[in-house]
file structure_19.txt (compact mmCIF, C-alpha atoms)
# COMPACT_ATOMS: atom_id res chain seq x y z
CA MET A 30 89.55 93.70 95.84
CA GLY A 31 92.72 95.71 96.32
CA ASP A 32 96.18 95.14 94.92
CA LEU A 33 99.15 93.80 96.87
CA LEU A 34 101.98 96.32 96.53
CA LEU A 35 105.55 95.29 97.27
CA ALA A 36 108.28 97.85 97.99
CA ARG A 37 111.84 96.65 98.31
CA HIS A 38 113.91 98.82 100.63
CA GLY A 39 116.46 101.25 99.20
CA GLU A 40 120.08 100.41 98.63
CA THR A 41 122.46 99.55 101.50
CA GLU A 42 126.23 99.06 101.32
CA TRP A 43 125.73 95.30 101.34
CA SER A 44 122.96 95.23 98.73
CA ARG A 45 125.21 97.31 96.47
CA SER A 46 128.09 94.83 96.88
CA GLY A 47 125.92 91.70 96.67
CA ARG A 48 126.46 90.54 100.25
CA HIS A 49 123.64 88.45 101.73
CA THR A 50 121.98 90.70 104.30
CA GLY A 51 119.49 88.97 106.56
CA HIS A 52 119.69 89.95 110.23
CA THR A 53 122.47 92.54 109.90
CA ASP A 54 120.63 95.83 110.44
CA LEU A 55 122.28 98.20 107.96
CA PRO A 56 121.18 101.76 107.18
CA LEU A 57 120.35 102.96 103.69
CA THR A 58 123.09 104.57 101.62
CA GLU A 59 122.59 108.09 100.33
CA ASP A 60 121.40 106.57 97.03
CA GLY A 61 119.11 104.24 99.01
CA GLU A 62 117.50 107.20 100.76
CA ALA A 63 116.92 108.86 97.37
CA GLN A 64 115.36 105.63 96.08
CA ALA A 65 113.05 105.52 99.10
CA ARG A 66 111.95 109.14 98.63
CA ALA A 67 111.26 108.40 94.96
CA LEU A 68 108.68 105.79 95.99
CA ALA A 69 106.45 108.48 97.55
CA PRO A 70 104.71 109.62 94.34
CA LEU A 71 104.14 106.00 93.32
CA VAL A 72 102.05 105.32 96.44
CA ALA A 73 100.67 108.77 97.29
CA ASP A 74 97.35 108.43 95.46
CA ARG A 75 96.65 104.80 96.33
CA SER A 76 93.88 103.81 98.71
CA LEU A 77 96.00 101.93 101.25
CA ALA A 78 94.00 99.79 103.63
CA LEU A 79 97.15 98.51 105.36
CA VAL A 80 100.90 99.17 105.28
CA LEU A 81 103.27 96.66 106.86
CA THR A 82 107.04 96.86 107.12
CA SER A 83 109.85 94.57 108.14
CA PRO A 84 111.28 95.38 111.59
CA LEU A 85 114.74 96.03 110.09
CA VAL A 86 115.87 99.65 109.86
CA ARG A 87 116.45 99.62 106.10
CA ALA A 88 112.78 98.76 105.48
CA ARG A 89 111.37 101.02 108.20
CA ARG A 90 113.45 103.97 106.91
CA THR A 91 112.29 103.28 103.35
CA ALA A 92 108.67 103.42 104.52
CA GLU A 93 109.31 106.65 106.41
CA LEU A 94 111.01 108.37 103.46
CA ALA A 95 108.23 107.19 101.12
CA GLY A 96 105.72 109.00 103.34
CA LEU A 97 104.17 105.86 104.80
CA SER A 98 103.68 107.11 108.35
CA ARG A 99 100.97 104.53 109.14
CA ALA A 100 103.25 101.53 108.58
CA LEU A 101 102.98 98.76 111.15
CA THR A 102 105.90 96.43 111.87
CA GLU A 103 105.42 92.78 110.89
CA PRO A 104 108.17 90.41 112.13
CA ASP A 105 107.42 87.83 109.41
CA LEU A 106 108.53 90.38 106.78
CA ARG A 107 112.18 90.20 107.91
CA GLU A 108 114.66 89.01 105.29
CA TRP A 109 115.75 85.39 104.77
CA ASP A 110 117.95 84.14 107.61
CA TYR A 111 121.18 83.45 105.71
CA GLY A 112 122.79 81.66 108.67
CA GLY A 113 126.47 81.01 107.94
CA TYR A 114 126.25 82.98 104.69
CA GLU A 115 125.30 86.27 106.34
CA GLY A 116 127.49 89.00 104.84
CA VAL A 117 128.95 86.68 102.18
CA THR A 118 128.51 87.12 98.42
CA THR A 119 127.35 84.35 96.09
CA ALA A 120 130.70 84.55 94.29
CA ASP A 121 132.55 83.90 97.56
CA ILE A 122 130.28 80.96 98.43
CA ARG A 123 130.83 79.42 95.00
CA ARG A 124 134.59 79.37 95.51
CA THR A 125 134.07 76.38 97.81
CA ARG A 126 130.61 75.25 96.59
CA PRO A 127 130.61 75.89 92.81
CA ASP A 128 127.09 74.59 92.27
CA TRP A 129 125.49 76.32 95.28
CA ASP A 130 122.07 77.88 94.74
CA LEU A 131 120.15 79.66 97.49
CA TRP A 132 116.80 78.60 96.05
CA THR A 133 117.50 74.87 96.08
CA ASP A 134 120.27 74.45 98.67
CA GLY A 135 119.34 76.95 101.37
CA VAL A 136 122.08 77.96 103.80
CA PRO A 137 124.14 76.35 106.58
CA ALA A 138 123.66 77.34 110.20
CA GLY A 139 125.76 80.23 111.39
CA PRO A 140 127.26 81.13 114.76
CA GLU A 141 124.36 83.45 115.66
CA PHE A 142 121.45 82.36 113.47
CA PRO A 143 120.31 78.92 112.31
CA GLY A 144 119.57 79.86 108.68
CA GLU A 145 116.39 79.10 106.76
CA SER A 146 115.37 76.86 103.90
CA PRO A 147 113.20 78.17 101.05
CA GLY A 148 110.29 76.29 102.61
CA GLN A 149 110.72 78.04 105.96
CA VAL A 150 110.76 81.46 104.26
CA GLY A 151 107.67 80.33 102.36
CA GLU A 152 105.88 79.55 105.64
CA ARG A 153 106.52 83.11 106.83
CA ALA A 154 105.32 84.50 103.49
CA ASP A 155 102.14 82.41 103.77
CA ARG A 156 101.48 83.83 107.24
CA VAL A 157 101.82 87.38 105.89
CA LEU A 158 99.47 86.62 103.00
CA SER A 159 96.90 85.20 105.42
CA ALA A 160 97.25 88.23 107.69
CA VAL A 161 96.59 90.74 104.88
CA ALA A 162 93.78 88.87 103.12
CA GLY A 163 91.00 90.74 104.95
CA ALA A 164 92.54 94.16 104.30
CA LEU A 165 92.79 93.42 100.57
CA GLY A 166 89.00 93.36 100.55
CA THR A 167 88.91 97.04 101.48
CA GLY A 168 91.81 98.51 99.49
CA ASP A 169 95.45 98.08 98.55
CA VAL A 170 97.98 96.55 100.93
CA LEU A 171 101.60 97.70 100.81
CA LEU A 172 104.46 95.59 102.15
CA VAL A 173 107.88 97.21 102.62
CA ALA A 174 110.51 94.52 102.98
CA HIS A 175 113.46 92.74 101.38
CA GLY A 176 114.42 91.23 98.04
CA HIS A 177 114.44 87.50 98.71
CA LEU A 178 111.51 87.53 101.13
CA LEU A 179 109.35 89.51 98.68
CA ARG A 180 110.32 87.19 95.84
CA VAL A 181 109.22 84.16 97.88
CA LEU A 182 106.03 85.98 98.88
CA THR A 183 105.31 86.69 95.20
CA ALA A 184 105.74 83.02 94.33
CA ARG A 185 103.40 82.00 97.13
CA ARG A 186 100.78 84.62 96.13
CA LEU A 187 100.83 83.18 92.61
CA GLY A 188 100.42 79.62 93.93
CA LEU A 189 104.02 78.61 93.17
CA PRO A 190 106.50 76.84 95.46
CA PRO A 191 108.79 79.12 97.51
CA ALA A 192 111.87 78.27 95.40
CA ASP A 193 110.14 79.77 92.35
CA GLY A 194 110.90 83.15 93.89
CA ARG A 195 114.09 82.79 91.86
CA LEU A 196 112.01 83.79 88.81
CA PHE A 197 111.33 87.33 90.09
CA ARG A 198 114.44 89.52 90.18
CA LEU A 199 113.70 92.48 92.45
CA GLU A 200 115.74 95.69 92.47
CA THR A 201 116.30 97.98 95.47
CA GLY A 202 113.99 100.96 95.86
CA THR A 203 111.29 99.63 93.54
CA LEU A 204 107.56 99.09 93.72
CA SER A 205 105.80 96.04 92.29
CA ARG A 206 102.09 95.27 92.06
CA LEU A 207 100.31 91.94 92.31
CA SER A 208 96.70 92.08 91.22
CA LEU A 209 93.91 89.77 90.09
CA GLU A 210 92.80 88.81 86.63
CA HIS A 211 89.56 86.81 86.39
CA GLY A 212 89.95 86.04 90.09
CA SER A 213 93.49 84.67 89.86
CA PRO A 214 96.62 86.42 91.21
CA VAL A 215 98.91 87.90 88.54
CA VAL A 216 101.98 90.13 88.32
CA ALA A 217 100.57 93.47 87.11
CA GLU A 218 103.75 95.60 87.38
CA TRP A 219 107.31 94.81 88.43
CA ASN A 220 110.37 96.85 89.48
CA ILE A 221 108.64 100.23 89.00
CA ARG A 222 110.63 103.41 89.50
CA PRO A 223 109.41 106.94 88.77
call {"tool": "encode", "arguments": {"input": "structure_19.txt", "output": "structure tokens"}}
result
Amino acid sequence: MGDLLLARHGETEWSRSGRHTGHTDLPLTEDGEAQARALAPLVADRSLALVLTSPLVRARRTAELAGLSRALTEPDLREWDYGGYEGVTTADIRRTRPDWDLWTDGVPAGPEFPGESPGQVGERADRVLSAVAGALGTGDVLLVAHGHLLRVLTARRLGLPPADGRLFRLETGTLSRLSLEHGSPVVAEWNIRP
């Protein structure tokens, strides 16, 4: 049984400033491109049965710079739909909603996108996990995607509710590895950089 590898895309202007970036399709910064290139040696010697990437440019470019030319696009790997909080920082949200928490409160609908609850993101994560289950039997599977989505996916892989993704802080341009111990999913490595 292979490992499930999770690569968070490299830095963007909005990830650097803490702005919620769901549908906004931002490029990597210069530092983000360097982070993506630095992932290459971490995945070069792995037996990858499948590589999937979010359709957003920041994830696809990270895969490209990491040398993952066989990456297939998976729409369910897109980032959380932040609805009315797209492009807004947590600090700005808390000026009017001091107790707001993404993991328990979700987001309001926005002018262009309806927003998602933790449960809805969890449903997408579950679909991805189902889709890669067969490939894990033949080697490692690598997912290149986004911070909040990958945190929810980690929670779901470990049998936890989607909101428990809050327990797994995930940095830009890092690789994490979910494995098995005695047949149960575990976190084997987290936020790896060369």
call {"tool": "residues_around", "arguments": {"input": "structure_19.txt", "residues": "Arg186 in chain A", "least_positions_apart": "6", "cutoff": "9 Å", "atoms": "all atoms listed in the file", "output": "number ranges by chain"}}
result
A: 154-155, 158, 207, 214-215
call {"tool": "closest_residue", "arguments": {"input": "structure_19.txt", "among": "A:Leu182, A:Ala100, A:Leu171, A:Leu71", "to": "Arg153 in chain A", "atoms": "all atoms listed in the file"}}
result
A:Leu182
call {"tool": "residues_around", "arguments": {"input": "structure_19.txt", "residues": "Gly31 in chain A", "least_positions_apart": "6", "cutoff": "8 Å", "atoms": "all atoms listed in the file", "output": "list in words"}}
result
Leu165, Gly166, Thr167, Gly168, Asp169, Val170 and Ser208 of chain A
call {"tool": "write_last_selection", "arguments": {"input": "structure_19.txt", "atoms": "C-alpha atoms", "output": "PDB file, keeping the file's coordinate frame"}}
result
ATOM      1  CA  LEU A 165      92.790  93.420 100.570  1.00  0.00           C
ATOM      2  CA  GLY A 166      89.000  93.360 100.550  1.00  0.00           C
ATOM      3  CA  THR A 167      88.910  97.040 101.480  1.00  0.00           C
ATOM      4  CA  GLY A 168      91.810  98.510  99.490  1.00  0.00           C
ATOM      5  CA  ASP A 169      95.450  98.080  98.550  1.00  0.00           C
ATOM      6  CA  VAL A 170      97.980  96.550 100.930  1.00  0.00           C
ATOM      7  CA  SER A 208      96.700  92.080  91.220  1.00  0.00           C
TER       8      SER A 208
END
call {"tool": "closest_residue", "arguments": {"input": "structure_19.txt", "among": "A:Arg195, A:Arg107, A:Arg66, A:Arg45", "to": "Val173 in chain A", "atoms": "all atoms listed in the file"}}
result
A:Arg107
call {"tool": "closest_residue", "arguments": {"input": "structure_19.txt", "among": "A:Leu187, A:Ala73, A:Leu178, A:Ala192", "to": "Asp130 in chain A", "atoms": "only C-alpha atoms"}}
result
A:Ala192
call {"tool": "atom_distance", "arguments": {"input": "structure_19.txt", "atom1": "CA of Leu196 in chain A", "atom2": "CA of Val136 in chain A"}}
result
19.0 Å
call {"tool": "build_atoms", "arguments": {"input": "structure_19.txt", "residues": "range 121-136 of chain A", "atoms": "N, CA, C and O atoms", "output": "JSON list (two decimals), in the frame of the given file"}}
result
[["chain", "number", "residue", "atom", "x", "y", "z"],
["A", 121, "ASP", "N", 131.68, 84.46, 96.52],
["A", 121, "ASP", "CA", 132.55, 83.90, 97.56],
["A", 121, "ASP", "C", 132.10, 82.49, 97.96],
["A", 121, "ASP", "O", 132.93, 81.61, 98.18],
["A", 122, "ILE", "N", 130.81, 82.29, 98.07],
["A", 122, "ILE", "CA", 130.28, 80.96, 98.43],
["A", 122, "ILE", "C", 130.67, 79.95, 97.36],
["A", 122, "ILE", "O", 131.09, 78.83, 97.66],
["A", 123, "ARG", "N", 130.58, 80.35, 96.11],
["A", 123, "ARG", "CA", 130.83, 79.42, 95.00],
["A", 123, "ARG", "C", 132.31, 79.08, 94.82],
["A", 123, "ARG", "O", 132.64, 78.19, 94.05],
["A", 124, "ARG", "N", 133.17, 79.76, 95.54],
["A", 124, "ARG", "CA", 134.59, 79.37, 95.51],
["A", 124, "ARG", "C", 134.78, 77.99, 96.14],
["A", 124, "ARG", "O", 135.67, 77.24, 95.75],
["A", 125, "THR", "N", 133.97, 77.69, 97.16],
["A", 125, "THR", "CA", 134.07, 76.38, 97.81],
["A", 125, "THR", "C", 132.90, 75.46, 97.45],
["A", 125, "THR", "O", 133.01, 74.25, 97.60],
["A", 126, "ARG", "N", 131.79, 76.03, 96.99],
["A", 126, "ARG", "CA", 130.61, 75.25, 96.59],
["A", 126, "ARG", "C", 130.16, 75.75, 95.20],
["A", 126, "ARG", "O", 129.19, 76.50, 95.10],
["A", 127, "PRO", "N", 130.84, 75.33, 94.14],
["A", 127, "PRO", "CA", 130.61, 75.89, 92.81],
["A", 127, "PRO", "C", 129.16, 75.78, 92.32],
["A", 127, "PRO", "O", 128.72, 76.61, 91.54],
["A", 128, "ASP", "N", 128.45, 74.79, 92.76],
["A", 128, "ASP", "CA", 127.09, 74.59, 92.27],
["A", 128, "ASP", "C", 126.03, 75.11, 93.24],
["A", 128, "ASP", "O", 124.83, 74.87, 93.05],
["A", 129, "TRP", "N", 126.44, 75.86, 94.27],
["A", 129, "TRP", "CA", 125.49, 76.32, 95.28],
["A", 129, "TRP", "C", 124.44, 77.24, 94.68],
["A", 129, "TRP", "O", 124.72, 78.09, 93.85],
["A", 130, "ASP", "N", 123.20, 77.04, 95.14],
["A", 130, "ASP", "CA", 122.07, 77.88, 94.74],
["A", 130, "ASP", "C", 121.18, 78.09, 95.96],
["A", 130, "ASP", "O", 120.70, 77.13, 96.55],
["A", 131, "LEU", "N", 120.97, 79.34, 96.32],
["A", 131, "LEU", "CA", 120.15, 79.66, 97.49],
["A", 131, "LEU", "C", 118.79, 79.01, 97.41],
["A", 131, "LEU", "O", 118.28, 78.48, 98.39],
["A", 132, "TRP", "N", 118.19, 79.03, 96.22],
["A", 132, "TRP", "CA", 116.80, 78.60, 96.05],
["A", 132, "TRP", "C", 116.60, 77.10, 96.19],
["A", 132, "TRP", "O", 115.50, 76.66, 96.50],
["A", 133, "THR", "N", 117.64, 76.32, 95.96],
["A", 133, "THR", "CA", 117.50, 74.87, 96.08],
["A", 133, "THR", "C", 118.28, 74.31, 97.26],
["A", 133, "THR", "O", 117.88, 73.32, 97.85],
["A", 134, "ASP", "N", 119.39, 74.98, 97.63],
["A", 134, "ASP", "CA", 120.27, 74.45, 98.67],
["A", 134, "ASP", "C", 120.06, 75.07, 100.05],
["A", 134, "ASP", "O", 120.47, 74.49, 101.05],
["A", 135, "GLY", "N", 119.46, 76.26, 100.09],
["A", 135, "GLY", "CA", 119.34, 76.95, 101.37],
["A", 135, "GLY", "C", 120.71, 77.37, 101.88],
["A", 135, "GLY", "O", 121.63, 77.57, 101.10],
["A", 136, "VAL", "N", 120.85, 77.47, 103.19],
["A", 136, "VAL", "CA", 122.08, 77.96, 103.80],
["A", 136, "VAL", "C", 122.44, 77.11, 105.01],
["A", 136, "VAL", "O", 121.57, 76.51, 105.64]]
